[in-house]
>>> print(open('structure01.txt').read())   # compact mmCIF, C-alpha atoms (C1' of nucleotides)
# COMPACT_ATOMS: atom_id res chain seq x y z
CA MET A 1 100.81 -64.27 100.03
CA THR A 2 104.20 -62.70 99.87
CA ASP A 3 103.74 -62.14 103.58
CA HIS A 4 102.86 -65.68 104.50
CA LEU A 5 105.21 -67.79 102.48
CA PRO A 6 108.87 -67.25 103.23
CA LEU A 7 109.62 -69.30 100.15
CA PHE A 8 108.14 -66.60 97.97
CA ARG A 9 110.40 -64.00 99.50
CA ILE A 10 113.36 -66.28 99.06
CA PHE A 11 112.66 -66.64 95.36
CA ASN A 12 112.17 -62.93 95.16
CA GLU A 13 115.56 -62.16 96.69
CA ILE A 14 117.21 -64.78 94.54
CA GLY A 15 115.73 -63.28 91.40
CA ILE A 16 117.02 -59.83 92.23
CA ILE A 17 120.48 -61.09 93.16
CA ALA A 18 120.71 -63.11 89.96
CA GLN A 19 119.78 -60.08 87.89
CA LEU A 20 122.10 -57.66 89.67
CA SER A 21 125.09 -59.98 89.70
CA GLN A 22 124.72 -60.89 86.04
CA THR A 23 124.55 -57.25 85.00
CA ARG A 24 127.57 -56.51 87.14
CA PHE A 25 129.58 -59.29 85.55
CA GLU A 26 128.76 -58.26 82.05
CA ALA A 27 129.64 -54.66 82.73
CA VAL A 28 133.30 -55.56 83.27
CA MET A 29 133.63 -58.29 80.65
CA PRO A 30 135.13 -57.68 77.22
CA ALA A 31 132.61 -55.94 74.98
CA GLY A 32 129.88 -58.17 73.64
CA MET A 33 130.59 -61.08 75.97
CA THR A 34 127.70 -62.23 78.09
CA LEU A 35 127.59 -64.47 81.12
CA ALA A 36 125.86 -67.18 79.10
CA GLN A 37 128.58 -67.10 76.47
CA PHE A 38 131.42 -67.07 78.98
CA THR A 39 129.89 -69.96 80.88
CA ILE A 40 129.88 -72.12 77.79
CA LEU A 41 133.51 -71.34 76.97
CA ASN A 42 134.46 -72.04 80.56
CA HIS A 43 132.61 -75.34 80.56
CA LEU A 44 134.35 -76.49 77.40
CA VAL A 45 137.75 -75.71 78.86
CA ARG A 46 137.14 -77.19 82.28
CA LEU A 47 135.40 -80.39 81.25
CA GLY A 48 136.98 -80.63 77.83
CA GLY A 49 135.22 -80.74 74.49
CA PRO A 50 133.64 -81.63 72.27
CA LYS A 51 130.10 -81.65 73.61
CA SER A 52 126.77 -81.81 71.83
CA PRO A 53 124.42 -78.81 72.04
CA LEU A 54 121.95 -80.96 73.93
CA THR A 55 124.56 -81.94 76.50
CA LEU A 56 125.37 -78.29 77.02
CA ALA A 57 121.70 -77.38 77.29
CA ARG A 58 121.27 -79.99 80.01
CA ALA A 59 124.38 -78.90 81.85
CA PHE A 60 123.05 -75.36 82.16
CA GLN A 61 119.42 -76.30 82.38
CA VAL A 62 118.24 -74.24 79.48
CA THR A 63 116.20 -75.39 76.52
CA LYS A 64 117.78 -76.60 73.30
CA ALA A 65 116.40 -73.49 71.60
CA THR A 66 118.26 -71.25 73.99
CA MET A 67 121.48 -73.15 73.52
CA SER A 68 121.04 -73.08 69.78
CA SER A 69 120.84 -69.33 69.78
CA THR A 70 123.80 -68.73 72.09
CA LEU A 71 125.99 -71.23 70.24
CA GLY A 72 125.14 -69.42 67.03
CA ARG A 73 126.57 -66.20 68.41
CA LEU A 74 129.68 -67.85 69.76
CA GLU A 75 130.28 -69.51 66.42
CA ALA A 76 129.75 -66.26 64.54
CA LYS A 77 132.49 -64.72 66.68
CA GLY A 78 134.80 -67.64 66.01
CA LEU A 79 134.97 -68.60 69.68
CA ILE A 80 133.65 -72.12 69.13
CA TRP A 81 133.79 -74.64 66.38
CA VAL A 82 130.78 -76.72 65.38
CA THR A 83 130.95 -79.91 63.31
CA PRO A 84 128.47 -82.64 62.47
CA ASP A 85 128.66 -85.69 64.71
CA PRO A 86 130.05 -88.50 62.54
CA ASP A 87 128.17 -91.12 64.57
CA ASP A 88 124.75 -89.48 64.57
CA GLY A 89 123.38 -87.53 61.64
CA ARG A 90 121.08 -85.48 63.87
CA ALA A 91 123.72 -84.33 66.29
CA LYS A 92 126.55 -81.81 66.31
CA ARG A 93 129.78 -81.49 68.21
CA VAL A 94 130.85 -78.21 69.74
CA ASP A 95 134.36 -77.34 70.83
CA ILE A 96 136.24 -74.20 71.79
CA THR A 97 138.71 -72.59 69.39
CA ASP A 98 142.05 -71.03 70.26
CA THR A 99 140.42 -67.63 69.93
CA GLY A 100 137.80 -68.86 72.35
CA ARG A 101 140.41 -69.89 74.88
CA VAL A 102 142.02 -66.48 74.72
CA MET A 103 138.64 -64.84 75.19
CA ARG A 104 137.89 -67.01 78.19
CA GLU A 105 141.18 -65.95 79.78
CA ARG A 106 140.39 -62.32 79.11
CA CYS A 107 136.99 -62.71 80.76
CA ILE A 108 138.50 -64.33 83.81
CA SER A 109 141.16 -61.64 84.12
CA ALA A 110 138.55 -58.94 83.79
CA VAL A 111 136.15 -60.38 86.33
CA THR A 112 138.41 -61.84 89.01
CA PRO A 113 139.43 -58.60 90.72
CA HIS A 114 135.82 -57.48 91.01
CA LEU A 115 134.79 -60.85 92.33
CA GLU A 116 137.52 -60.76 94.95
CA GLN A 117 136.53 -57.29 95.99
CA MET A 118 132.91 -58.32 96.32
CA GLY A 119 133.95 -61.38 98.28
CA GLN A 120 135.55 -59.13 100.85
CA LEU A 121 132.36 -57.19 101.39
CA GLN A 122 130.68 -60.43 102.37
CA ASP A 123 132.24 -62.35 105.22
CA MET A 124 133.45 -65.85 104.59
CA PRO A 125 131.23 -67.73 107.04
CA THR A 126 128.20 -66.29 105.34
CA GLN A 127 129.39 -67.52 101.99
CA GLU A 128 130.26 -70.95 103.33
CA ALA A 129 126.84 -71.26 104.91
CA LEU A 130 125.01 -70.12 101.84
CA LEU A 131 126.37 -72.47 99.24
CA PRO A 132 125.12 -75.80 100.58
CA LEU A 133 121.67 -74.36 101.19
CA LEU A 134 121.49 -73.13 97.64
CA ILE A 135 122.69 -76.42 96.25
CA ARG A 136 120.01 -78.29 98.15
CA MET A 137 117.42 -75.87 96.94
CA ARG A 138 118.48 -76.18 93.34
CA GLU A 139 118.48 -79.95 93.58
CA THR A 140 114.98 -79.87 95.01
CA LEU A 141 113.76 -77.76 92.14
CA ASP A 142 115.61 -79.99 89.77
CA ILE A 143 114.24 -83.29 90.96
CA ASP A 144 110.76 -81.94 90.76
CA ARG A 145 110.98 -80.41 87.34
CA ASN A 146 109.33 -81.74 84.23
CA GLY A 147 112.35 -82.50 82.11
CA ARG A 148 112.54 -79.88 79.44
CA ASN A 149 115.27 -81.60 77.50
CA MET B 150 138.33 -69.70 88.76
CA THR B 151 135.02 -71.42 89.34
CA ASP B 152 136.96 -73.78 91.53
CA HIS B 153 138.65 -71.19 93.68
CA LEU B 154 136.01 -68.58 94.39
CA PRO B 155 133.00 -69.82 96.31
CA LEU B 156 131.29 -66.58 95.44
CA PHE B 157 131.27 -67.54 91.80
CA ARG B 158 129.59 -70.84 92.56
CA ILE B 159 127.06 -69.05 94.73
CA PHE B 160 126.11 -66.74 91.88
CA ASN B 161 125.95 -69.70 89.59
CA GLU B 162 123.52 -71.58 91.82
CA ILE B 163 121.47 -68.47 92.34
CA GLY B 164 121.20 -67.90 88.62
CA ILE B 165 119.95 -71.41 88.00
CA ILE B 166 117.47 -71.30 90.87
CA ALA B 167 116.12 -67.95 89.68
CA GLN B 168 115.66 -69.31 86.19
CA LEU B 169 114.03 -72.57 87.24
CA SER B 170 111.70 -71.03 89.79
CA GLN B 171 110.53 -68.31 87.44
CA THR B 172 109.77 -70.78 84.69
CA ARG B 173 107.94 -72.95 87.19
CA PHE B 174 105.78 -70.07 88.36
CA GLU B 175 104.87 -68.97 84.91
CA ALA B 176 103.92 -72.48 83.87
CA VAL B 177 101.03 -72.55 86.34
CA MET B 178 99.93 -68.94 86.02
CA PRO B 179 97.00 -67.82 83.87
CA ALA B 180 98.02 -67.72 80.23
CA GLY B 181 100.14 -64.75 79.28
CA MET B 182 100.90 -63.68 82.82
CA THR B 183 104.56 -63.43 83.71
CA LEU B 184 106.27 -63.13 87.05
CA ALA B 185 107.27 -59.54 86.28
CA GLN B 186 103.67 -58.61 85.52
CA PHE B 187 102.27 -60.38 88.56
CA THR B 188 104.83 -58.77 90.82
CA ILE B 189 103.73 -55.32 89.74
CA LEU B 190 100.07 -56.06 90.31
CA ASN B 191 100.88 -57.53 93.70
CA HIS B 192 102.93 -54.50 94.66
CA LEU B 193 100.14 -52.11 93.75
CA VAL B 194 97.67 -54.05 95.86
CA ARG B 195 99.90 -54.55 98.86
CA LEU B 196 101.40 -51.09 99.08
CA GLY B 197 98.52 -49.28 97.42
CA GLY B 198 98.59 -47.18 94.28
CA PRO B 199 99.13 -45.03 92.47
CA LYS B 200 102.87 -45.21 91.94
CA SER B 201 105.05 -43.63 89.30
CA PRO B 202 106.84 -45.88 86.81
CA LEU B 203 110.16 -44.75 88.25
CA THR B 204 109.10 -45.66 91.78
CA LEU B 205 108.16 -49.11 90.54
CA ALA B 206 111.42 -49.47 88.65
CA ARG B 207 113.34 -48.68 91.81
CA ALA B 208 111.26 -51.03 93.91
CA PHE B 209 112.12 -53.94 91.64
CA GLN B 210 115.58 -52.74 90.73
CA VAL B 211 115.08 -52.75 87.02
CA THR B 212 115.72 -49.89 84.62
CA LYS B 213 113.09 -47.39 83.61
CA ALA B 214 113.15 -48.88 80.14
CA THR B 215 112.27 -52.31 81.46
CA MET B 216 109.45 -50.96 83.55
CA SER B 217 108.16 -48.96 80.61
CA SER B 218 107.89 -52.07 78.52
CA THR B 219 106.18 -54.22 81.14
CA LEU B 220 103.74 -51.46 82.11
CA GLY B 221 102.87 -51.15 78.44
CA ARG B 222 101.81 -54.78 78.35
CA LEU B 223 99.82 -54.57 81.57
CA GLU B 224 98.03 -51.50 80.30
CA ALA B 225 97.26 -53.14 76.96
CA LYS B 226 95.58 -55.96 78.87
CA GLY B 227 93.60 -53.51 80.96
CA LEU B 228 95.18 -54.68 84.21
CA ILE B 229 96.54 -51.28 85.12
CA TRP B 230 95.52 -47.73 84.54
CA VAL B 231 98.01 -45.01 83.64
CA THR B 232 97.33 -41.29 83.93
CA PRO B 233 99.49 -38.20 83.73
CA ASP B 234 100.68 -36.87 87.06
CA PRO B 235 98.83 -33.59 87.63
CA ASP B 236 101.71 -32.20 89.67
CA ASP B 237 104.56 -33.06 87.31
CA GLY B 238 104.26 -32.91 83.56
CA ARG B 239 107.03 -35.46 83.08
CA ALA B 240 105.60 -38.10 85.35
CA LYS B 241 102.79 -40.64 85.23
CA ARG B 242 100.74 -42.40 87.81
CA VAL B 243 100.06 -46.10 87.63
CA ASP B 244 97.32 -47.93 89.46
CA ILE B 245 95.69 -51.34 89.29
CA THR B 246 92.23 -51.76 87.76
CA ASP B 247 89.47 -54.03 89.00
CA THR B 248 90.34 -56.44 86.23
CA GLY B 249 93.90 -56.32 87.50
CA ARG B 250 92.81 -57.19 91.03
CA VAL B 251 90.90 -60.17 89.79
CA MET B 252 93.89 -61.31 87.77
CA ARG B 253 96.16 -60.98 90.78
CA GLU B 254 93.81 -63.17 92.79
CA ARG B 255 93.77 -65.74 90.03
CA CYS B 256 97.57 -65.80 89.95
CA ILE B 257 97.78 -66.28 93.70
CA SER B 258 95.23 -69.07 93.64
CA ALA B 259 97.07 -70.78 90.83
CA VAL B 260 100.48 -70.56 92.39
CA THR B 261 99.84 -71.06 96.10
CA PRO B 262 99.31 -74.83 96.09
CA HIS B 263 102.51 -75.37 94.14
CA LEU B 264 104.42 -73.07 96.42
CA GLU B 265 103.16 -74.92 99.47
CA GLN B 266 104.08 -78.23 97.98
CA MET B 267 107.54 -76.99 97.19
CA GLY B 268 107.85 -75.60 100.69
CA GLN B 269 107.29 -79.05 102.10
CA LEU B 270 110.13 -80.50 100.08
CA GLN B 271 112.43 -78.02 101.74
CA ASP B 272 112.53 -78.09 105.51
CA MET B 273 111.64 -74.97 107.44
CA PRO B 274 114.96 -74.39 109.20
CA THR B 275 116.69 -74.31 105.85
CA GLN B 276 114.32 -71.67 104.59
CA GLU B 277 114.60 -69.59 107.72
CA ALA B 278 118.36 -69.70 107.55
CA LEU B 279 118.48 -68.82 103.89
CA LEU B 280 116.43 -65.65 103.80
CA PRO B 281 118.58 -63.38 105.99
CA LEU B 282 121.71 -64.45 104.16
CA LEU B 283 120.14 -63.61 100.84
CA ILE B 284 118.91 -60.28 102.06
CA ARG B 285 122.37 -59.34 103.25
CA MET B 286 123.81 -60.42 99.97
CA ARG B 287 121.36 -58.40 97.97
CA GLU B 288 121.97 -55.36 100.10
CA THR B 289 125.69 -55.71 99.57
CA LEU B 290 125.22 -55.83 95.83
CA ASP B 291 122.83 -52.95 96.09
CA ILE B 292 125.04 -50.60 98.07
CA ASP B 293 127.85 -51.18 95.69
CA ARG B 294 125.91 -50.74 92.50
CA ASN B 295 126.13 -47.77 90.19
CA GLY B 296 122.63 -46.40 90.51
CA ARG B 297 120.76 -47.25 87.38
CA ASN B 298 117.75 -45.14 88.18
C1' DC C 299 114.40 -14.20 82.29
C1' DT C 300 117.52 -17.22 79.90
C1' DA C 301 120.71 -20.98 79.65
C1' DA C 302 122.48 -25.11 81.54
C1' DT C 303 121.47 -29.19 84.02
C1' DA C 304 118.66 -32.77 85.93
C1' DT C 305 114.71 -35.86 85.89
C1' DA C 306 110.67 -38.89 83.91
C1' DG C 307 109.56 -41.61 80.23
C1' DT C 308 110.05 -43.69 75.69
C1' DT C 309 112.34 -45.85 71.73
C1' DA C 310 115.78 -48.68 69.34
C1' DG C 311 118.72 -52.42 69.19
C1' DA C 312 120.74 -56.39 71.44
C1' DC C 313 120.70 -60.75 74.10
C1' DA C 314 118.87 -64.77 76.81
C1' DT C 315 115.10 -67.10 77.58
C1' DC C 316 110.81 -69.93 76.82
C1' DA C 317 107.03 -72.59 74.32
C1' DA C 318 105.46 -74.42 70.17
C1' DA C 319 106.05 -75.88 65.59
C1' DT C 320 109.19 -77.77 62.11
C1' DT C 321 112.90 -80.61 59.90
C1' DA C 322 115.85 -84.38 59.74
C1' DA C 323 117.73 -88.57 61.30
C1' DA C 324 117.60 -92.81 64.24
C1' DG C 325 115.23 -96.77 66.31
C1' DG C 326 111.53 -100.09 66.94
C1' DA C 327 107.23 -102.78 65.76
C1' DG C 328 105.24 -105.68 62.59
C1' DC D 329 111.32 -103.28 54.51
C1' DT D 330 107.85 -99.86 55.93
C1' DC D 331 105.48 -97.11 59.35
C1' DC D 332 105.46 -94.92 63.80
C1' DT D 333 107.79 -92.90 67.48
C1' DT D 334 111.60 -90.78 69.54
C1' DT D 335 115.46 -87.71 69.46
C1' DA D 336 118.66 -83.54 67.94
C1' DA D 337 118.53 -79.28 66.32
C1' DT D 338 116.44 -75.05 64.31
C1' DT D 339 112.99 -71.45 63.59
C1' DT D 340 109.38 -68.32 65.05
C1' DG D 341 107.26 -65.25 68.08
C1' DA D 342 106.90 -63.56 72.66
C1' DT D 343 108.80 -61.55 77.08
C1' DG D 344 112.11 -59.35 80.21
C1' DT D 345 116.17 -57.30 80.49
C1' DC D 346 120.07 -54.09 79.48
C1' DT D 347 122.52 -49.85 77.39
C1' DA D 348 122.35 -45.79 74.74
C1' DA D 349 120.02 -42.22 72.61
C1' DC D 350 116.09 -39.26 72.55
C1' DT D 351 111.96 -36.11 74.01
C1' DA D 352 109.75 -33.37 77.20
C1' DT D 353 109.32 -31.11 81.45
C1' DA D 354 111.31 -29.20 85.69
C1' DT D 355 114.86 -26.97 88.33
C1' DT D 356 118.84 -24.17 89.10
C1' DA D 357 122.49 -20.73 88.04
C1' DG D 358 123.60 -16.24 86.54
>>> encode(input="structure01.txt", output="structure tokens")
Amino acid sequence: MTDHLPLFRIFNEIGIIAQLSQTRFEAVMPAGMTLAQFTILNHLVRLGGPKSPLTLARAFQVTKATMSSTLGRLEAKGLIWVTPDPDDGRAKRVDITDTGRVMRERCISAVTPHLEQMGQLQDMPTQEALLPLLIRMRETLDIDRNGRN
Amino acid sequence: MTDHLPLFRIFNEIGIIAQLSQTRFEAVMPAGMTLAQFTILNHLVRLGGPKSPLTLARAFQVTKATMSSTLGRLEAKGLIWVTPDPDDGRAKRVDITDTGRVMRERCISAVTPHLEQMGQLQDMPTQEALLPLLIRMRETLDIDRNGRN
DNA sequence: CTAATATAGTTAGACATCAAATTAAAGGAG
DNA sequence: CTCCTTTAATTTGATGTCTAACTATATTAG
């Protein structure tokens, strides 16, 4: 099987790369910060808050349960701020705090040099070629998925 | 940051694809079987057993602790067979059982049709182009890593 | 031979993740 | 207005994963 279907090998390589790169990121980040947590802070800064937990879950394609748990940790650390949605009694609104902004900056400062260094190991054309292929692949998986949220 | 470094976006896409594809696999596999567990069974069949836990950990680039935990579950289900290494009192030898072989076959049968269907959504040239790029990328990450095992 | 170091595995504690079940609120059908 | 269904979020229990600390055995230095 693994021999006949290149797709299986592709998924295999992707899984290993995802694991290795995530571990690498987290090793240089401020203590206790994970990629999942950073990504949420970054999203709130770049696209602007507030966002509902469900919106965030969809943006990162994780389940509501996963988002619930990660938001809980961010809130406990004072990096985000969660309030009830005044327009919908079921929903909440999540936004980044000033502490959260500072933490995001620290994460970026910590990670950027390593990212640049890694980028040099890999030539540019390779990177440029890779991205569109990956995006198409992700979209294919996405279209086909049974909406989890 | 995410806007300036293509490498960051690449890792981002890879992370999402890894997550989605793994979840997809596990949804169609026999109940209780995970990708990690299947991969170990498959490895033992394809390359032949027995292998030490450490050898397996290296093959999949996970820590010994991770391998220990997954092997524990496979053994509890009777899918593998673990014995002390007669030549080295610290080591163990892991091999697949007949039950394990049957389970591996069931996993392959369950997953293959889905994999083929997904392969058709993605044209062949794209797949062929992708794999070598990913392999190079993984090797780059690998060379640079601080050996975990 | 003994002491220091290295290697194989396990355990403990944390986090992200999922599926399934639960709670609470909103919306729609009569 | 009441009942049913849908939606937002949480909780529970499982898995894979990591790091750090630990045990036990092997190897190497003196």
>>> residues_around(input="structure01.txt", residues="region 225-228 of chain B", least_positions_apart="2", cutoff="12 Å", atoms="only C-alpha atoms (C1' of nucleotides)", output="ChimeraX atom specification")
/B:181-182,186-187,189-191,193-194,218-223,230-231,243-253
>>> interface_residues(input="structure01.txt", of="chain A", to="chain B", cutoff="9 Å", atoms="only C-alpha atoms", output="JSON, numbers by chain")
{"A": [1, 2, 5, 6, 7, 8, 9, 10, 11, 12, 13, 14, 15, 16, 17, 18, 19, 20, 21, 22, 24, 42, 60, 61, 62, 108, 112, 115, 116, 118, 119, 121, 122, 126, 127, 128, 129, 130, 131, 133, 134, 135, 136, 137, 138, 140, 141, 142, 144, 145]}
>>> interface_residues(input="structure01.txt", of="chain C", to="chain A", cutoff="10 Å", atoms="all atoms listed in the file", output="ChimeraX atom specification")
/C:312-317,322-324
>>> interface_residues(input="structure01.txt", of="chain D", to="chain B", cutoff="10 Å", atoms="only C-alpha atoms (C1' of nucleotides)", output="list in words")
DA342, DT343, DG344, DT345, DC346, DT347, DA352, DT353 and DA354 of chain D
>>> atom_distance(input="structure01.txt", atom1="CA of Ala180 (chain B)", atom2="C1' of DG341 (chain D)")
15.5 Å
>>> atom_distance(input="structure01.txt", atom1="CA of Glu175 (chain B)", atom2="CA of Asn149 (chain A)")
18.0 Å
>>> atom_distance(input="structure01.txt", atom1="CA of Thr172 (chain B)", atom2="C1' of DT334 (chain D)")
25.2 Å
>>> build_atoms(input="structure01.txt", residues="region 226-248 of chain B", atoms="N, CA and C atoms", output="mmCIF file, in the coordinates of the input")
data_model
loop_
_atom_site.group_PDB
_atom_site.id
_atom_site.type_symbol
_atom_site.label_atom_id
_atom_site.label_comp_id
_atom_site.auth_asym_id
_atom_site.auth_seq_id
_atom_site.Cartn_x
_atom_site.Cartn_y
_atom_site.Cartn_z
ATOM 1 N N LYS B 226 96.515 -54.930 78.419
ATOM 2 C CA LYS B 226 95.580 -55.960 78.870
ATOM 3 C C LYS B 226 94.529 -55.409 79.818
ATOM 4 N N GLY B 227 94.598 -54.124 80.078
ATOM 5 C CA GLY B 227 93.600 -53.510 80.960
ATOM 6 C C GLY B 227 93.777 -53.854 82.424
ATOM 7 N N LEU B 228 94.966 -54.293 82.815
ATOM 8 C CA LEU B 228 95.180 -54.680 84.210
ATOM 9 C C LEU B 228 95.657 -53.508 85.061
ATOM 10 N N ILE B 229 96.191 -52.506 84.406
ATOM 11 C CA ILE B 229 96.540 -51.280 85.120
ATOM 12 C C ILE B 229 95.989 -50.082 84.359
ATOM 13 N N TRP B 230 96.167 -48.952 84.968
ATOM 14 C CA TRP B 230 95.520 -47.730 84.540
ATOM 15 C C TRP B 230 96.579 -46.647 84.688
ATOM 16 N N VAL B 231 96.920 -45.979 83.613
ATOM 17 C CA VAL B 231 98.010 -45.010 83.640
ATOM 18 C C VAL B 231 97.477 -43.628 83.300
ATOM 19 N N THR B 232 97.774 -42.660 84.174
ATOM 20 C CA THR B 232 97.330 -41.290 83.930
ATOM 21 C C THR B 232 98.509 -40.340 84.119
ATOM 22 N N PRO B 233 98.432 -39.177 83.499
ATOM 23 C CA PRO B 233 99.490 -38.200 83.730
ATOM 24 C C PRO B 233 99.441 -37.709 85.173
ATOM 25 N N ASP B 234 100.613 -37.409 85.715
ATOM 26 C CA ASP B 234 100.680 -36.870 87.060
ATOM 27 C C ASP B 234 100.309 -35.393 86.999
ATOM 28 N N PRO B 235 99.261 -34.979 87.718
ATOM 29 C CA PRO B 235 98.830 -33.590 87.630
ATOM 30 C C PRO B 235 99.867 -32.612 88.182
ATOM 31 N N ASP B 236 100.741 -33.094 89.042
ATOM 32 C CA ASP B 236 101.710 -32.200 89.670
ATOM 33 C C ASP B 236 103.045 -32.133 88.958
ATOM 34 N N ASP B 237 103.258 -33.023 87.990
ATOM 35 C CA ASP B 237 104.560 -33.060 87.310
ATOM 36 C C ASP B 237 104.366 -33.536 85.886
ATOM 37 N N GLY B 238 104.539 -32.637 84.975
ATOM 38 C CA GLY B 238 104.260 -32.910 83.560
ATOM 39 C C GLY B 238 105.091 -34.017 82.958
ATOM 40 N N ARG B 239 106.195 -34.380 83.619
ATOM 41 C CA ARG B 239 107.030 -35.460 83.080
ATOM 42 C C ARG B 239 106.540 -36.819 83.537
ATOM 43 N N ALA B 240 105.863 -36.822 84.663
ATOM 44 C CA ALA B 240 105.600 -38.100 85.350
ATOM 45 C C ALA B 240 104.231 -38.682 85.027
ATOM 46 N N LYS B 241 104.067 -39.950 85.371
ATOM 47 C CA LYS B 241 102.790 -40.640 85.230
ATOM 48 C C LYS B 241 102.435 -41.290 86.547
ATOM 49 N N ARG B 242 101.193 -41.672 86.635
ATOM 50 C CA ARG B 242 100.740 -42.400 87.810
ATOM 51 C C ARG B 242 100.096 -43.696 87.368
ATOM 52 N N VAL B 243 100.500 -44.765 88.008
ATOM 53 C CA VAL B 243 100.060 -46.100 87.630
ATOM 54 C C VAL B 243 99.243 -46.687 88.763
ATOM 55 N N ASP B 244 98.081 -47.228 88.435
ATOM 56 C CA ASP B 244 97.320 -47.930 89.460
ATOM 57 C C ASP B 244 96.649 -49.158 88.860
ATOM 58 N N ILE B 245 96.295 -50.088 89.734
ATOM 59 C CA ILE B 245 95.690 -51.340 89.290
ATOM 60 C C ILE B 245 94.207 -51.126 89.033
ATOM 61 N N THR B 246 93.675 -51.822 88.044
ATOM 62 C CA THR B 246 92.230 -51.760 87.760
ATOM 63 C C THR B 246 91.533 -52.920 88.471
ATOM 64 N N ASP B 247 90.214 -52.916 88.404
ATOM 65 C CA ASP B 247 89.470 -54.030 89.000
ATOM 66 C C ASP B 247 89.819 -55.333 88.289
ATOM 67 N N THR B 248 89.915 -55.260 86.988
ATOM 68 C CA THR B 248 90.340 -56.440 86.230
ATOM 69 C C THR B 248 91.695 -56.923 86.727
#
